[in-house]
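Novice: Here you go, this is query_36.tsv (TSV, C-alpha atoms).
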chain	number	residue	atom	x	y	z
P	1231	MET	CA	-5.95	-30.88	-23.80
P	1232	THR	CA	-9.45	-29.53	-23.20
P	1233	THR	CA	-11.03	-28.54	-19.91
P	1234	THR	CA	-13.14	-31.70	-19.96
P	1235	ASP	CA	-9.89	-33.69	-19.74
P	1236	LEU	CA	-8.71	-31.84	-16.64
P	1237	VAL	CA	-8.84	-33.68	-13.35
P	1238	ALA	CA	-9.34	-31.79	-10.12
P	1239	PRO	CA	-7.48	-33.17	-7.09
P	1240	THR	CA	-10.65	-33.94	-5.11
P	1241	ALA	CA	-13.50	-33.75	-7.65
P	1242	ARG	CA	-14.96	-35.62	-10.59
P	1243	LEU	CA	-16.91	-34.24	-13.52
P	1244	LEU	CA	-20.61	-34.66	-12.78
P	1245	LEU	CA	-21.93	-32.88	-15.87
P	1246	PRO	CA	-19.93	-31.42	-18.76
P	1247	ALA	CA	-20.26	-27.81	-19.79
P	1248	GLY	CA	-22.82	-27.22	-22.48
P	1249	ALA	CA	-25.21	-29.90	-21.23
P	1250	PRO	CA	-28.94	-29.18	-21.64
P	1251	VAL	CA	-30.29	-26.76	-19.05
P	1252	GLU	CA	-32.74	-29.40	-17.78
P	1253	GLU	CA	-29.84	-31.71	-16.92
P	1254	TRP	CA	-28.01	-28.81	-15.26
P	1255	HIS	CA	-30.99	-28.14	-12.99
P	1256	VAL	CA	-31.12	-31.83	-12.04
P	1257	ALA	CA	-27.39	-31.85	-11.25
P	1258	ARG	CA	-27.71	-28.64	-9.24
P	1259	GLY	CA	-30.43	-30.22	-7.13
P	1260	ARG	CA	-28.12	-33.06	-6.08
P	1261	GLY	CA	-26.03	-30.90	-3.80
P	1262	VAL	CA	-24.96	-27.50	-2.56
P	1263	GLY	CA	-23.26	-25.19	-5.05
P	1264	GLY	CA	-21.31	-21.98	-4.72
P	1265	SER	CA	-24.32	-19.69	-5.01
P	1266	ASP	CA	-26.06	-21.68	-2.25
P	1267	VAL	CA	-23.31	-21.32	0.35
P	1268	ALA	CA	-23.74	-17.59	0.98
P	1269	ALA	CA	-27.51	-18.10	1.27
P	1270	ILE	CA	-27.06	-20.90	3.83
P	1271	LEU	CA	-24.82	-18.59	5.85
P	1272	GLY	CA	-27.36	-15.74	5.66
P	1273	MET	CA	-25.12	-13.57	3.48
P	1274	ASP	CA	-27.17	-13.51	0.26
P	1275	THR	CA	-29.57	-10.60	-0.18
P	1276	HIS	CA	-31.61	-12.60	-2.71
P	1277	GLY	CA	-32.43	-15.55	-0.48
P	1278	GLY	CA	-31.53	-17.44	2.69
P	1279	ALA	CA	-31.28	-21.03	3.86
P	1280	MET	CA	-35.05	-21.47	3.62
P	1281	ARG	CA	-34.98	-20.77	-0.12
P	1282	VAL	CA	-32.13	-23.23	-0.66
P	1283	TRP	CA	-33.97	-25.92	1.34
P	1284	LEU	CA	-37.14	-25.46	-0.70
P	1285	GLU	CA	-35.16	-25.75	-3.93
P	1286	LYS	CA	-33.21	-28.85	-2.88
P	1287	THR	CA	-36.36	-30.60	-1.64
P	1288	GLY	CA	-38.32	-29.75	-4.77
P	1289	GLN	CA	-40.81	-27.50	-2.98
P	1290	ALA	CA	-39.82	-24.11	-4.38
P	1291	ARG	CA	-42.60	-22.33	-6.18
P	1292	PRO	CA	-41.66	-20.91	-9.56
P	1293	GLN	CA	-41.39	-17.15	-9.05
P	1294	ARG	CA	-40.55	-14.67	-11.77
P	1295	ASP	CA	-38.62	-11.58	-10.84
P	1296	PRO	CA	-37.91	-9.66	-14.06
P	1297	ARG	CA	-35.26	-7.55	-12.34
P	1298	LEU	CA	-33.29	-10.58	-11.12
P	1299	GLU	CA	-33.74	-12.37	-14.45
P	1300	ARG	CA	-32.41	-9.33	-16.29
P	1301	ALA	CA	-29.43	-9.13	-13.92
P	1302	ALA	CA	-28.73	-12.84	-14.46
P	1303	ARG	CA	-28.80	-12.44	-18.25
P	1304	ARG	CA	-26.51	-9.44	-17.99
P	1305	GLY	CA	-24.08	-11.40	-15.83
P	1306	ASN	CA	-24.06	-14.40	-18.16
P	1307	ARG	CA	-23.42	-12.31	-21.23
P	1308	LEU	CA	-20.66	-10.29	-19.60
P	1309	GLU	CA	-18.93	-13.33	-18.06
P	1310	GLY	CA	-16.87	-13.97	-21.20
P	1311	LEU	CA	-15.87	-10.32	-21.41
P	1312	VAL	CA	-14.75	-10.31	-17.77
P	1313	ALA	CA	-12.66	-13.45	-18.41
P	1314	GLU	CA	-11.15	-11.88	-21.53
P	1315	PHE	CA	-10.24	-8.65	-19.74
P	1316	PHE	CA	-8.83	-10.62	-16.80
P	1317	ALA	CA	-6.59	-12.68	-19.11
P	1318	GLU	CA	-5.24	-9.47	-20.68
P	1319	ASP	CA	-4.70	-7.80	-17.32
P	1320	SER	CA	-3.20	-10.75	-15.44
P	1321	GLY	CA	-1.23	-12.45	-18.21
P	1322	LEU	CA	-2.72	-15.82	-17.23
P	1323	THR	CA	-4.30	-18.32	-19.59
P	1324	VAL	CA	-8.03	-18.58	-18.97
P	1325	LEU	CA	-9.71	-21.91	-19.72
P	1326	ASP	CA	-13.38	-22.63	-20.20
P	1327	SER	CA	-15.22	-24.20	-17.29
P	1328	PRO	CA	-15.25	-28.01	-17.43
P	1329	GLY	CA	-18.85	-28.03	-16.17
P	1330	THR	CA	-20.31	-29.21	-12.86
P	1331	LEU	CA	-17.78	-30.75	-10.46
P	1332	GLN	CA	-18.69	-33.14	-7.64
P	1333	HIS	CA	-16.47	-33.95	-4.65
P	1334	VAL	CA	-15.27	-37.56	-4.75
P	1335	ASP	CA	-16.05	-38.27	-1.06
P	1336	HIS	CA	-18.94	-35.87	-0.46
P	1337	PRO	CA	-21.34	-36.11	-3.43
P	1338	HIS	CA	-23.51	-33.26	-2.11
P	1339	TRP	CA	-20.60	-30.84	-2.57
P	1340	ILE	CA	-20.85	-29.47	-6.10
P	1341	ALA	CA	-19.26	-26.59	-7.96
P	1342	ASN	CA	-19.79	-24.75	-11.23
P	1343	PRO	CA	-16.69	-22.57	-11.64
P	1344	ASP	CA	-16.99	-19.82	-14.24
P	1345	ARG	CA	-13.50	-20.41	-15.63
P	1346	LEU	CA	-10.16	-22.02	-14.74
P	1347	THR	CA	-6.76	-20.34	-14.89
P	1348	VAL	CA	-3.21	-21.51	-15.46
P	1349	ALA	CA	0.16	-19.88	-16.01
P	1350	PRO	CA	0.92	-19.67	-19.77
P	1351	ASP	CA	4.22	-21.56	-19.35
P	1352	ASN	CA	2.60	-24.43	-17.40
P	1353	GLU	CA	2.32	-26.96	-20.23
P	1354	THR	CA	1.21	-29.79	-17.93
P	1355	ARG	CA	-1.53	-27.59	-16.47
P	1356	ASP	CA	-1.02	-29.15	-13.06
P	1357	GLU	CA	-1.49	-25.90	-11.11
P	1358	LEU	CA	-4.95	-24.79	-12.05
P	1359	GLY	CA	-6.91	-22.07	-10.28
P	1360	VAL	CA	-10.54	-21.01	-10.22
P	1361	LEU	CA	-11.76	-17.77	-11.76
P	1362	GLU	CA	-15.03	-16.28	-10.50
P	1363	CYS	CA	-16.37	-13.63	-12.89
P	1364	LYS	CA	-18.82	-10.94	-11.80
P	1365	SER	CA	-20.25	-7.77	-13.28
P	1366	ARG	CA	-21.56	-4.96	-11.12
P	1367	THR	CA	-22.90	-1.46	-11.44
P	1368	TRP	CA	-21.06	1.15	-9.39
P	1369	ARG	CA	-23.99	1.30	-6.97
P	1370	SER	CA	-24.04	-2.43	-6.22
P	1371	ALA	CA	-20.23	-2.49	-6.13
P	1372	ARG	CA	-20.20	0.22	-3.49
P	1373	VAL	CA	-22.69	-1.70	-1.33
P	1374	GLU	CA	-20.77	-5.00	-1.68
P	1375	GLY	CA	-17.34	-3.46	-1.10
P	1376	TRP	CA	-15.67	-4.01	-4.46
P	1377	HIS	CA	-13.11	-1.25	-3.96
P	1378	GLY	CA	-11.47	-2.55	-0.81
P	1379	ASP	CA	-8.18	-4.33	-0.24
P	1380	GLU	CA	-9.91	-7.71	-0.07
P	1381	ALA	CA	-12.44	-9.40	-2.33
P	1382	PRO	CA	-16.10	-8.91	-1.33
P	1383	ASP	CA	-17.43	-11.56	1.05
P	1384	GLY	CA	-20.00	-13.12	-1.30
P	1385	PRO	CA	-17.74	-13.85	-4.29
P	1386	SER	CA	-14.88	-14.76	-1.92
P	1387	LEU	CA	-17.01	-17.40	-0.18
P	1388	GLN	CA	-18.16	-18.72	-3.54
P	1389	ALA	CA	-14.59	-19.01	-4.78
P	1390	HIS	CA	-13.49	-20.74	-1.57
P	1391	TRP	CA	-16.33	-23.21	-1.91
P	1392	TYR	CA	-15.04	-24.07	-5.38
P	1393	LEU	CA	-11.60	-24.62	-3.86
P	1394	THR	CA	-13.19	-26.83	-1.18
P	1395	VAL	CA	-14.84	-29.01	-3.82
P	1396	SER	CA	-12.06	-29.10	-6.39
P	1397	GLY	CA	-8.97	-29.25	-4.18
P	1398	TYR	CA	-7.27	-26.44	-6.12
P	1399	ARG	CA	-4.96	-24.15	-4.14
P	1400	HIS	CA	-5.87	-20.68	-5.39
P	1401	ALA	CA	-8.65	-18.70	-7.00
P	1402	TYR	CA	-9.26	-15.31	-8.57
P	1403	VAL	CA	-12.28	-13.05	-8.16
P	1404	ALA	CA	-12.66	-10.61	-11.05
P	1405	GLY	CA	-15.38	-8.01	-11.41
P	1406	LEU	CA	-16.26	-5.61	-14.18
P	1407	VAL	CA	-17.59	-2.55	-12.34
P	1408	ASP	CA	-19.08	-0.42	-15.10
P	1409	ASP	CA	-15.94	-0.04	-17.26
P	1410	ASP	CA	-13.31	-0.89	-14.62
P	1411	LEU	CA	-11.88	-4.38	-14.09
P	1412	ILE	CA	-11.05	-5.19	-10.46
P	1413	TRP	CA	-9.56	-8.52	-9.39
P	1414	TRP	CA	-7.94	-10.32	-6.47
P	1415	ARG	CA	-5.98	-13.54	-6.03
P	1416	LEU	CA	-7.17	-15.73	-3.14
P	1417	GLU	CA	-4.92	-18.36	-1.62
P	1418	ARG	CA	-6.73	-21.42	-0.33
P	1419	ASP	CA	-7.60	-21.01	3.36
P	1420	ASP	CA	-7.95	-24.56	4.66
P	1421	GLU	CA	-9.59	-23.40	7.89
P	1422	LEU	CA	-12.24	-21.45	5.97
P	1423	CYS	CA	-12.78	-24.38	3.62
P	1424	GLY	CA	-13.34	-26.60	6.68
P	1425	LEU	CA	-15.85	-24.18	8.16
P	1426	LEU	CA	-17.76	-24.01	4.88
P	1427	ALA	CA	-17.75	-27.80	4.61
P	1428	ASP	CA	-19.12	-28.17	8.15
P	1429	ALA	CA	-21.88	-25.63	7.49
P	1430	VAL	CA	-22.88	-27.34	4.25
P	1431	ASP	CA	-22.82	-30.82	5.82
P	1432	ARG	CA	-25.02	-29.70	8.71
P	1433	PHE	CA	-27.48	-28.06	6.35
P	1434	TRP	CA	-27.59	-31.04	4.00
P	1435	HIS	CA	-27.97	-33.80	6.60
P	1436	ASP	CA	-30.02	-31.93	9.22
P	1437	HIS	CA	-32.43	-30.31	6.77
P	1438	VAL	CA	-32.36	-31.63	3.21
P	1439	VAL	CA	-31.91	-35.33	4.01
P	1440	ALA	CA	-34.03	-35.13	7.17
P	1441	GLY	CA	-36.73	-33.11	5.39
P	1442	LEU	CA	-36.80	-30.53	8.19
P	1443	PRO	CA	-36.85	-26.83	7.23
P	1444	PRO	CA	-34.14	-24.58	8.69
P	1445	LYS	CA	-35.06	-21.82	11.09
P	1446	PRO	CA	-35.96	-18.63	9.22
P	1447	ASP	CA	-33.28	-15.97	9.23
P	1448	GLY	CA	-33.71	-12.19	9.34
P	1449	THR	CA	-33.00	-11.39	5.70
P	1450	ALA	CA	-35.52	-9.40	3.69
P	1451	ALA	CA	-35.46	-12.17	1.07
P	1452	THR	CA	-36.65	-14.73	3.64
P	1453	THR	CA	-39.41	-12.37	4.81
P	1454	GLU	CA	-40.62	-12.03	1.23
P	1455	LEU	CA	-40.33	-15.78	0.66
P	1456	LEU	CA	-42.45	-16.59	3.71
P	1457	ALA	CA	-45.07	-14.09	2.54
P	1458	ARG	CA	-45.31	-15.88	-0.82
P	1459	LEU	CA	-44.78	-19.45	0.33
P	1460	TRP	CA	-48.36	-20.33	1.21
P	1461	ASP	CA	-51.75	-19.22	-0.05
P	1462	ALA	CA	-53.39	-18.15	3.20
P	1463	ARG	CA	-56.62	-20.01	4.04
P	1464	GLU	CA	-59.06	-17.31	5.05
P	1465	GLU	CA	-59.76	-17.32	8.81
P	1466	ALA	CA	-57.91	-20.65	9.18
P	1467	THR	CA	-56.29	-21.26	12.59
P	1468	VAL	CA	-53.30	-23.31	13.67
P	1469	GLU	CA	-52.27	-24.40	17.16
P	1470	VAL	CA	-48.70	-23.34	17.98
P	1471	ASP	CA	-46.39	-24.34	20.80
P	1472	PRO	CA	-47.30	-22.13	23.79
P	1473	VAL	CA	-43.81	-21.97	25.31
P	1474	GLU	CA	-42.07	-21.19	22.02
P	1475	THR	CA	-44.72	-18.60	21.18
P	1476	LEU	CA	-44.36	-16.95	24.59
P	1477	LEU	CA	-40.59	-16.71	24.16
P	1478	LEU	CA	-40.89	-15.40	20.60
P	1479	LYS	CA	-43.40	-12.71	21.59
P	1480	GLN	CA	-41.28	-11.68	24.56
P	1481	ARG	CA	-38.16	-11.46	22.40
P	1482	ARG	CA	-40.09	-9.52	19.75
P	1483	ARG	CA	-41.31	-7.05	22.37
P	1484	GLU	CA	-37.78	-6.56	23.74
P	1485	LEU	CA	-36.34	-6.01	20.26
P	1486	LYS	CA	-39.04	-3.48	19.33
P	1487	GLU	CA	-38.27	-1.55	22.52
P	1488	GLN	CA	-34.57	-1.59	21.66
P	1489	LEU	CA	-35.33	-0.43	18.11
P	1490	ALA	CA	-37.44	2.44	19.41
P	1491	ASP	CA	-34.66	3.50	21.79
P	1492	LEU	CA	-32.01	3.20	19.08
P	1493	GLY	CA	-34.23	5.15	16.69
P	1494	ASP	CA	-34.47	8.01	19.17
P	1495	GLN	CA	-30.70	7.97	19.70
P	1496	LEU	CA	-30.06	7.93	15.96
P	1497	THR	CA	-32.42	10.86	15.39
P	1498	THR	CA	-30.69	12.83	18.16
P	1499	VAL	CA	-27.26	12.28	16.58
P	1500	GLU	CA	-28.52	13.19	13.11
P	1501	ASN	CA	-30.26	16.32	14.43
P	1502	GLU	CA	-27.00	17.46	15.99
P	1503	MET	CA	-25.34	16.98	12.58
P	1504	ARG	CA	-28.14	18.99	10.91
P	1505	ALA	CA	-27.78	21.79	13.48
P	1506	ASN	CA	-24.02	21.93	12.92
P	1507	ALA	CA	-24.54	22.23	9.16
P	1508	GLY	CA	-27.11	25.03	9.48
P	1509	ASP	CA	-27.97	26.44	6.05
P	1510	ALA	CA	-24.93	24.82	4.39
P	1511	GLU	CA	-25.42	21.71	2.26
P	1512	ILE	CA	-21.88	20.36	2.75
P	1513	ALA	CA	-20.06	19.89	6.05
P	1514	THR	CA	-16.31	19.49	5.78
P	1515	VAL	CA	-13.39	18.50	7.97
P	1516	GLY	CA	-10.34	20.10	6.47
P	1517	ALA	CA	-10.52	19.56	2.73
P	1518	ARG	CA	-12.69	16.42	2.96
P	1519	THR	CA	-16.48	16.18	2.97
P	1520	ALA	CA	-17.71	14.85	6.32
P	1521	TYR	CA	-21.40	14.70	5.42
P	1522	THR	CA	-24.01	16.53	3.35
P	1523	TRP	CA	-27.48	17.87	4.07
P	1524	ARG	CA	-28.76	18.67	0.59
P	1525	GLN	CA	-32.24	19.76	-0.38
P	1526	ASN	CA	-32.70	16.80	-2.74
P	1527	GLY	CA	-35.05	14.51	-0.83
P	1528	GLN	CA	-38.66	13.51	-1.48
P	1529	PHE	CA	-40.82	16.27	-2.97
P	1530	ALA	CA	-43.56	17.49	-0.56
P	1531	ALA	CA	-46.43	17.34	-3.07
P	1532	ALA	CA	-49.23	18.01	-0.57
P	1533	ARG	CA	-47.50	21.10	0.85
P	1534	PHE	CA	-46.74	22.31	-2.69
P	1535	ARG	CA	-50.40	21.96	-3.77
P	1536	GLU	CA	-51.57	23.86	-0.70
P	1537	ALA	CA	-49.07	26.71	-1.09
P	1538	GLU	CA	-49.06	26.95	-4.91
P	1539	PRO	CA	-52.52	25.76	-6.09
P	1540	ASP	CA	-52.38	27.40	-9.55
P	1541	LEU	CA	-48.90	26.13	-10.34
P	1542	ALA	CA	-49.76	22.70	-8.95
P	1543	ALA	CA	-52.82	22.50	-11.22
P	1544	ALA	CA	-50.66	23.29	-14.25
P	1545	TYR	CA	-48.31	20.43	-13.40
P	1546	THR	CA	-50.91	17.85	-12.36
P	1547	HIS	CA	-51.70	14.97	-14.70
P	1548	LEU	CA	-53.70	11.79	-14.38
P	1549	VAL	CA	-51.86	8.47	-14.26
P	1550	PRO	CA	-53.26	4.95	-14.80
P	1551	ALA	CA	-54.09	3.33	-11.47
P	1552	VAL	CA	-55.85	0.16	-10.43
P	1553	ASP	CA	-59.22	0.85	-8.84
P	1554	THR	CA	-58.61	-1.49	-5.91
P	1555	GLY	CA	-61.93	-0.69	-4.27
P	1556	ARG	CA	-63.91	-1.80	-7.32
P	1557	LEU	CA	-61.63	-4.80	-7.86
P	1558	ALA	CA	-62.20	-5.92	-4.25
P	1559	ALA	CA	-65.94	-5.60	-4.66
P	1560	ASP	CA	-66.17	-7.36	-8.03
P	1561	HIS	CA	-63.43	-9.99	-7.62
P	1562	PRO	CA	-62.75	-10.48	-3.89
P	1563	GLU	CA	-60.79	-13.73	-4.33
P	1564	ILE	CA	-58.41	-12.25	-6.90
P	1565	TYR	CA	-58.04	-9.07	-4.85
P	1566	ARG	CA	-57.15	-11.13	-1.78
P	1567	LYS	CA	-54.61	-13.18	-3.75
P	1568	TYR	CA	-52.48	-10.09	-4.36
P	1569	ARG	CA	-52.67	-8.61	-0.88
P	1570	ALA	CA	-49.56	-8.85	1.28
P	1571	ARG	CA	-49.63	-10.92	4.44
P	1572	VAL	CA	-49.10	-8.77	7.53
P	1573	LEU	CA	-47.85	-10.07	10.88
P	1574	ARG	CA	-49.66	-8.41	13.78
P	1575	VAL	CA	-49.34	-9.29	17.46
P	1576	PRO	CA	-52.19	-8.21	19.76
P	1577	SER	CA	-51.14	-5.79	22.47
P	1578	GLU	CA	-50.85	-7.27	25.91
P	1579	GLY	CA	-51.63	-5.63	29.19
Could you express the structure from this file as structure tokens?
Specialist:
Amino acid sequence: MTTTDLVAPTARLLLPAGAPVEEWHVARGRGVGGSDVAAILGMDTHGGAMRVWLEKTGQARPQRDPRLERAARRGNRLEGLVAEFFAEDSGLTVLDSPGTLQHVDHPHWIANPDRLTVAPDNETRDELGVLECKSRTWRSARVEGWHGDEAPDGPSLQAHWYLTVSGYRHAYVAGLVDDDLIWWRLERDDELCGLLADAVDRFWHDHVVAGLPPKPDGTAATTELLARLWDAREEATVEVDPVETLLLKQRRRELKEQLADLGDQLTTVENEMRANAGDAEIATVGARTAYTWRQNGQFAAARFREAEPDLAAAYTHLVPAVDTGRLAADHPEIYRKYRARVLRVPSEG
């Protein structure tokens, strides 16, 4: 029996594994997949609901990010190794992914599980599970919480979405963090699956089907997306709703005041910590490090050049740099194309 013969309790096979990438992109556009769910919920650092909406409605501009492309290639190539290590560590049989699954009653629910799992003595293979394979550097693993008692939120949500679509009862999240394999077993949480289904349905019907963009969220990815979404028409104006604009500006002003106050409070707390450390680089409580205040921050080049001019001259070298002033004068349209868009609100009062 191959994975293409396997039948999920609540899903059909929309596209078999190994299909041409063009067909995969078409299938992916027909619904919401696991990597989309975290973005819709505002939990994906690489993009929010706005990005997903643009992709599903065919409006996304092709954008190349070499760093993300390199990370994706790394993940794809290591996926098989993660699955192999997981099989050795868990004792389970790991099966290849059947391909793209589609829920039988909700065709806009789709899933592309990395692998499936089954106990080696289960000859009928009637108790399959989902395996989500990830690879992380120690830095990204620390940020995402890969060393806790529970699976990180992003991969956990993705795995639960696959359970929502497929009807399977359990999943595994496995991650290769540098050279260490870390994995968790997740039992299906029907309440969580229901919440994910409701969020996806609202997004699909209220935005994709209706053609109405979702409200922008506060992620850095959405900020960058909005900055790249349109080519600004020089000096063009647009009439906006006066009431909504008044409320937005008032809320913005309140938040900036809160940020300023919180910034002052944060600086006060950190200065107290610096004063307590004095000339020591490491502050301890008992045998454990409480915090550090090391002299390893940004190098003060201007102060160094002023205090040590001869030494600074010996260690100064020219580096290639774009002459932006000349570029702006000779090619103003091209120069403007690569300038960031900046939001400024005139002061009131």
Novice: Extract, using all atoms listed in the file, all DNA, RNA and protein residues at most 12 Å from Ala1317 of chain P, discarding same-chain residues fewer than 4 positions from it, and format them as number ranges by chain.
Specialist: P: 1310-1313, 1321-1325, 1345-1350, 1361, 1363, 1402, 1404, 1411, 1413
Novice: Can you pull out the residues contacting Gly1248 of chain P? Cut-off 9 Å, using all atoms listed in the file, and skip same-chain residues under 3 positions away; I want them as a list in words.
Specialist: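 With the cut-off at 9 Å, the set is Leu1245, Val1251 and Gly1329 of chain P.
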Novice: Given the choices P:Leu1489, P:Ala1551, P:Val1282, P:Leu1393, which gets closest to Pro1239 of chain P if the distance is worked out from all atoms listed in the file?
Specialist: P:Leu1393
Novice: Can you measure atom CA of Arg1366 of chain P to atom CA of Glu1309 of chain P for me? One decimal in Å is fine.
Specialist: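 Straight-line distance from atom CA of Arg1366 of chain P to atom CA of Glu1309 of chain P works out to 11.2 Å.
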Novice: Just the number, please: distance in Å from atom CA of Ser1365 of chain P to atom CA of Val1256 of chain P, one decimal.
Specialist: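 Distance between the two atoms: 26.4 Å.
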Novice: Pick out the residues sitting within 10 Å of Tyr1521 of chain P, and hand them over as a list in words; count all atoms listed in the file, and ignore anything fewer than 4 positions along from it in its own chain.
Specialist: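 Neighbouring residues, sequence-local ones excluded: Met1503, Arg1504, Ala1507, Glu1511, Ile1512, Ala1513, Thr1514 and Val1515 of chain P.
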Novice: Restricting it to C-alpha atoms, dump the selection as a PDB file, in the coordinates of the input.
Specialist:
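That gives us result29.pdb:
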ATOM      1  CA  MET P1503     -25.340  16.980  12.580  1.00  0.00           C
ATOM      2  CA  ARG P1504     -28.140  18.990  10.910  1.00  0.00           C
ATOM      3  CA  ALA P1507     -24.540  22.230   9.160  1.00  0.00           C
ATOM      4  CA  GLU P1511     -25.420  21.710   2.260  1.00  0.00           C
ATOM      5  CA  ILE P1512     -21.880  20.360   2.750  1.00  0.00           C
ATOM      6  CA  ALA P1513     -20.060  19.890   6.050  1.00  0.00           C
ATOM      7  CA  THR P1514     -16.310  19.490   5.780  1.00  0.00           C
ATOM      8  CA  VAL P1515     -13.390  18.500   7.970  1.00  0.00           C
TER       9      VAL P1515
END
Novice: Considering only C-alpha atoms, state which residue in the set P:Glu1417, P:Ala1466, P:Ile1270, P:Ile1412 is at the smallest distance from Gly1378 of chain P.
Specialist: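 Answer, going by the shortest atom-to-atom distance: P:Ile1412.
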Novice: Residues near Gly1424 of chain P, anyone? I mean within 10 Å using all atoms listed in the file, not counting same-chain ones fewer than 5 positions away, as a ChimeraX atom specification.
Specialist: /P:1391,1394,1419,1429-1430
Novice: Have a look at atom CA of Leu1244 of chain P and atom CA of Trp1414 of chain P and let me know their distance in Å, one decimal.
Specialist: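 Between these atoms lies a distance of 28.2 Å.
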Novice: So, counting all atoms listed in the file, which residue among P:Pro1539, P:Leu1406, P:Asn1352, P:Thr1554 is closest to Tyr1568 of chain P?
Specialist: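 Nearest candidate to Tyr1568 of chain P out of P:Pro1539, P:Leu1406, P:Asn1352, P:Thr1554: P:Thr1554.
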Novice: Just want the 7 Å neighbourhood of Ala1269 of chain P, counted on only C-alpha atoms, with same-chain residues fewer than 5 positions away dropped. Output as a list in words.
Specialist: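 Here the qualifying residues turn out to be Asp1274, Gly1277, Gly1278 and Ala1279 of chain P.
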Novice: Suppose we keep C-alpha atoms; can you now write the selection as an mmCIF file, in the frame of the given file?
Specialist:
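Output saved as selection_28.cif:
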data_model
loop_
_atom_site.group_PDB
_atom_site.id
_atom_site.type_symbol
_atom_site.label_atom_id
_atom_site.label_comp_id
_atom_site.auth_asym_id
_atom_site.auth_seq_id
_atom_site.Cartn_x
_atom_site.Cartn_y
_atom_site.Cartn_z
ATOM 1 C CA ASP P 1274 -27.170 -13.510 0.260
ATOM 2 C CA GLY P 1277 -32.430 -15.550 -0.480
ATOM 3 C CA GLY P 1278 -31.530 -17.440 2.690
ATOM 4 C CA ALA P 1279 -31.280 -21.030 3.860
#
Novice: Just give me the residues with any atom within 10 Å of (-22.7, -2.5, -10.8), file coordinates, counting all atoms listed in the file, written as number ranges by chain.
Specialist: P: 1301, 1364-1374, 1376, 1405-1409
